[in-house]
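Read through the structure below, which is laid out as structure tokens, and then see the notes.
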Number of protein chains: 2
Amino acid sequence: MAQQDEHGRAADHVVLSIAERIRTGVLPDGQPLPPERDLMEEYGISRTVVREAVRTLSSRGLIEALPRHRPVVRKPGFDAAIDAVGSIVSHLLLEPGGVKNLFDTRIMVEAGLARQAAQQATKDDIAALKSALDANAAAIPDSEEFYRTDNAFHGVLYQIPQNPVLPAIHRAYTTWLAPQWSQMPRLPERNQMNYDAHKAIFDAILMRDPDAAEASLRDHLTKAWAQVRATFGDV
Amino acid sequence: MAQQDEHGRAADHVVLSIAERIRTGVLPDGQPLPPERDLMEEYGISRTVVREAVRTLSSRGLIEALPRHRPVVRKPGFDAAIDAVGSIVSHLLLEPGGVKNLFDTRIMVEAGLARQAAQQATKDDIAALKSALDANAAAIPDSEEFYRTDNAFHGVLYQIPQNPVLPAIHRAYTTWLAPQWSQMPRLPERNQMNYDAHKAIFDAILMRDPDAAEASLRDHLTKAWAQVRATFGDV
DNA sequence: CTGCATTTTTAGTCGTACCAAAAGTCAGGA
DNA sequence: TCCTGACTTTTGGTACGACTAAAAATGCAG
């Protein structure tokens, strides 16, 4: 994969070099990048190239470049990876069927999570779920708060396997699907219905019944999708 | 979220504008972008800014900017989204536990796919699986070919739900995990073992037994992971 | 109509210059 | 002494102009 080194890209070399310094910790997380003028001297290139490199690193998520500020190193986490795709995904969601395709994968993933939870959840996990469920119940009259606690309940499912990739995925789903979700009419009746679904999922997990857990979760999300369709039509 | 418009970024406005033109099809897929000089005239900005915008669009995956060529529009697909994260993910995989975390999500996903296949696979799906399985069997002596057919067999699982997101995810897994996988010693005995595992998965799907399908798939991938560990130690 | 040489266009890079916003400095007052 | 606000320096954002080499377009000859 090693291409013609002196061919068409000076900036890419700088990108690679800086990325490596970030990865190895020579440039620690949170530290501002050296000034552009220093970098151009160090690499023997023009500021044009330096700026291109910075721009690239920024959209790669390795640094955070606020408009007029010094870019700061942002050691890549799974969240940064999600951010990096955000732009593309938002385009994909505007395509017909885009939202549905994404939502379907969410159903798949959470169905798996529910099964896994029913089989492997520890006492602490159950306690966390219970606590999230109670908060959700308390929020039924307050749609704003219900949305938050609803999210948090699902979030617990993503935490149970103790895999840092999963919470990032959850954040991705909530971020990307938020435009649809947040514009839906919020009614206490609906909140009640959703809470009941959460309770059913919780109960199934508590009973260590993977099939029931998956079924109730699928039912829950499928109904949620029906609500989305009722609001937005086919998307 | 609308910020101070005349504040700190001229390039971003151009990025937004061009991205919109791509999405709406004013700039169709495959068409080269207008020359930089035309764009600077059209937007009333300097070439510096145009180039920054192009660079950004490129790393966002909306256009493909080969070194000395005209950037061509590349309507974003799910594959492009995967590419966009590639850079970050490759960093994450170098972190301790990074590969395992990713592989675990793969096990989760494919476990779900196997269940779903057992429940919903059509005749055509089964036929595709069978065909992939046969190709896999025929390739047992040829490790190179076996790797390919192995991949293809798993790929069929990702196709069954008919959700375009899933094949993209499969491609992501194979791309990101390839460095580990392709360096593993290839032995016909191992191929035989993996083929047997594939056969077990296929049989379970054929028997419409989701539990067995999931179990055999988990077993298969867990053993594959053990092979990785045996080769690379803890990663 | 086809293949090749020539011209034109265009991306890549450099350098300089200027502005405005941060960041850093320092003096004066509480 | 410590805080505060004005002042200076640094630094990112943008513009303009120039030059090179590669790519694309053109035109010519066969």
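Letters A, B, ... mark the chains of the structure tokens in the order given; residue numbers begin at 1 per chain; ligand numbers begin at 1, in order shown.
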Practice task
Enumerate the residues of segment 8-190 of chain B with a DSSP assignment of strand (DSSP E or B), computed from the backbone, and present them as a ChimeraX atom specification.
Solution key: /B:32,63-64,72-73
Problem - alpha helix (DSSP H) call set, DSSP backbone run, chain A, as an MDAnalysis selection string - result: chainID A and resid 11:24 36:43 47:60 78:94 98:120 123:138 143:159 165:182 188:206 210:232
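Between atom CA of Asp134 of chain A and atom CA of Pro188 of chain A lies a distance of 15.9 Å.
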Exercise for the section: Pull out every residue of chain D sitting within 9 Å of chain A, counting only C-alpha atoms (C1' of nucleotides), and send them as number ranges by chain. Expected result: D: 11-13
Exercise for the section: Considering only C-alpha atoms (C1' of nucleotides), return as a ChimeraX atom specification whatever protein or nucleic-acid residues lie within 8 Å of Asp209 of chain B, sequence-local ones (same chain, fewer than 5 positions apart) excluded. Expected result: /B:115,118-119,204
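Restricting the calculation to only C-alpha atoms, the smallest distance between chain A and any of B:Ile22, B:Ala172, B:Val85, B:Leu27 is found for B:Val85.
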Practice task
Compile the residues of chain A that lie within 8 Å of chain B, evaluated using only C-alpha atoms, and express the compilation as a ChimeraX atom specification.
Solution key: /A:8-9,23,48,52,55-56,59-62,67-68,76-78,80-82,84-85,87-89,91-92,101-102,104-105,108-109,111-112,163-166
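Put simply, atom C1' of DT10 of chain C is 13.7 Å away from atom CA of Val50 of chain B.
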Exercise for the section: Kindly provide, as a list of chain:residue names, the residues of chain C having any atom no farther than 10 Å from an atom of chain B, counting only C-alpha atoms (C1' of nucleotides). Expected result: C:DT9, C:DT10, C:DA11, C:DG12, C:DA21
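Summary of the local environment: counting only C-alpha atoms (C1' of nucleotides), residues at most 10 Å from segment 2-5 of chain D, other than itself and those fewer than 4 positions away along its chain, are DA27, DG28, DG29 and DA30 of chain C.
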For the selection you just gave me, I'd like the residues written to a file as a PDB file, in the first residue's frame, keeping N, CA and C atoms (P, O5', C5', C4', C3', O3' and C1' of nucleotides).
```pdb
ATOM      1  P    DA C  27       5.379  47.299  33.495  1.00  0.00           P
ATOM      2  O5'  DA C  27       4.517  48.585  33.875  1.00  0.00           O
ATOM      3  C5'  DA C  27       3.789  49.265  32.856  1.00  0.00           C
ATOM      4  C4'  DA C  27       2.432  49.708  33.389  1.00  0.00           C
ATOM      5  C3'  DA C  27       2.476  50.455  34.727  1.00  0.00           C
ATOM      6  O3'  DA C  27       1.615  51.579  34.672  1.00  0.00           O
ATOM      7  C1'  DA C  27       1.056  48.589  34.911  1.00  0.00           C
ATOM      8  P    DG C  28       1.801  52.728  35.677  1.00  0.00           P
ATOM      9  O5'  DG C  28       0.403  52.737  36.445  1.00  0.00           O
ATOM     10  C5'  DG C  28      -0.806  52.797  35.699  1.00  0.00           C
ATOM     11  C4'  DG C  28      -1.964  52.296  36.540  1.00  0.00           C
ATOM     12  C3'  DG C  28      -2.050  52.943  37.926  1.00  0.00           C
ATOM     13  O3'  DG C  28      -3.383  53.348  38.179  1.00  0.00           O
ATOM     14  C1'  DG C  28      -2.063  50.591  38.123  1.00  0.00           C
ATOM     15  P    DG C  29      -3.693  54.350  39.323  1.00  0.00           P
ATOM     16  O5'  DG C  29      -4.763  53.547  40.190  1.00  0.00           O
ATOM     17  C5'  DG C  29      -5.941  53.059  39.556  1.00  0.00           C
ATOM     18  C4'  DG C  29      -6.533  51.924  40.368  1.00  0.00           C
ATOM     19  C3'  DG C  29      -6.834  52.282  41.832  1.00  0.00           C
ATOM     20  O3'  DG C  29      -8.110  51.792  42.187  1.00  0.00           O
ATOM     21  C1'  DG C  29      -5.478  50.350  41.727  1.00  0.00           C
ATOM     22  P    DA C  30      -8.829  52.286  43.453  1.00  0.00           P
ATOM     23  O5'  DA C  30      -9.137  50.946  44.248  1.00  0.00           O
ATOM     24  C5'  DA C  30      -9.927  49.933  43.629  1.00  0.00           C
ATOM     25  C4'  DA C  30      -9.775  48.623  44.380  1.00  0.00           C
ATOM     26  C3'  DA C  30     -10.075  48.702  45.876  1.00  0.00           C
ATOM     27  O3'  DA C  30     -10.841  47.587  46.271  1.00  0.00           O
ATOM     28  C1'  DA C  30      -7.898  47.869  45.559  1.00  0.00           C
TER      29       DA C  30
END
```
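Put simply, atom CA of Asn151 of chain B is 25.7 Å away from atom CA of Phe103 of chain A.
Distances here use only C-alpha atoms (C1' of nucleotides); by that measure, the residue among D:DA24, D:DC7, D:DA15, D:DA29 closest to DA17 of chain C is D:DA15.
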Exercise for the section: For DT8 of chain C, list every protein, DNA or RNA residue within 12 Å, evaluated using only C-alpha atoms (C1' of nucleotides), and leave out those in the same chain fewer than 5 positions away; present the list as a PyMOL selection string. Expected result: chain D and resi 23-27
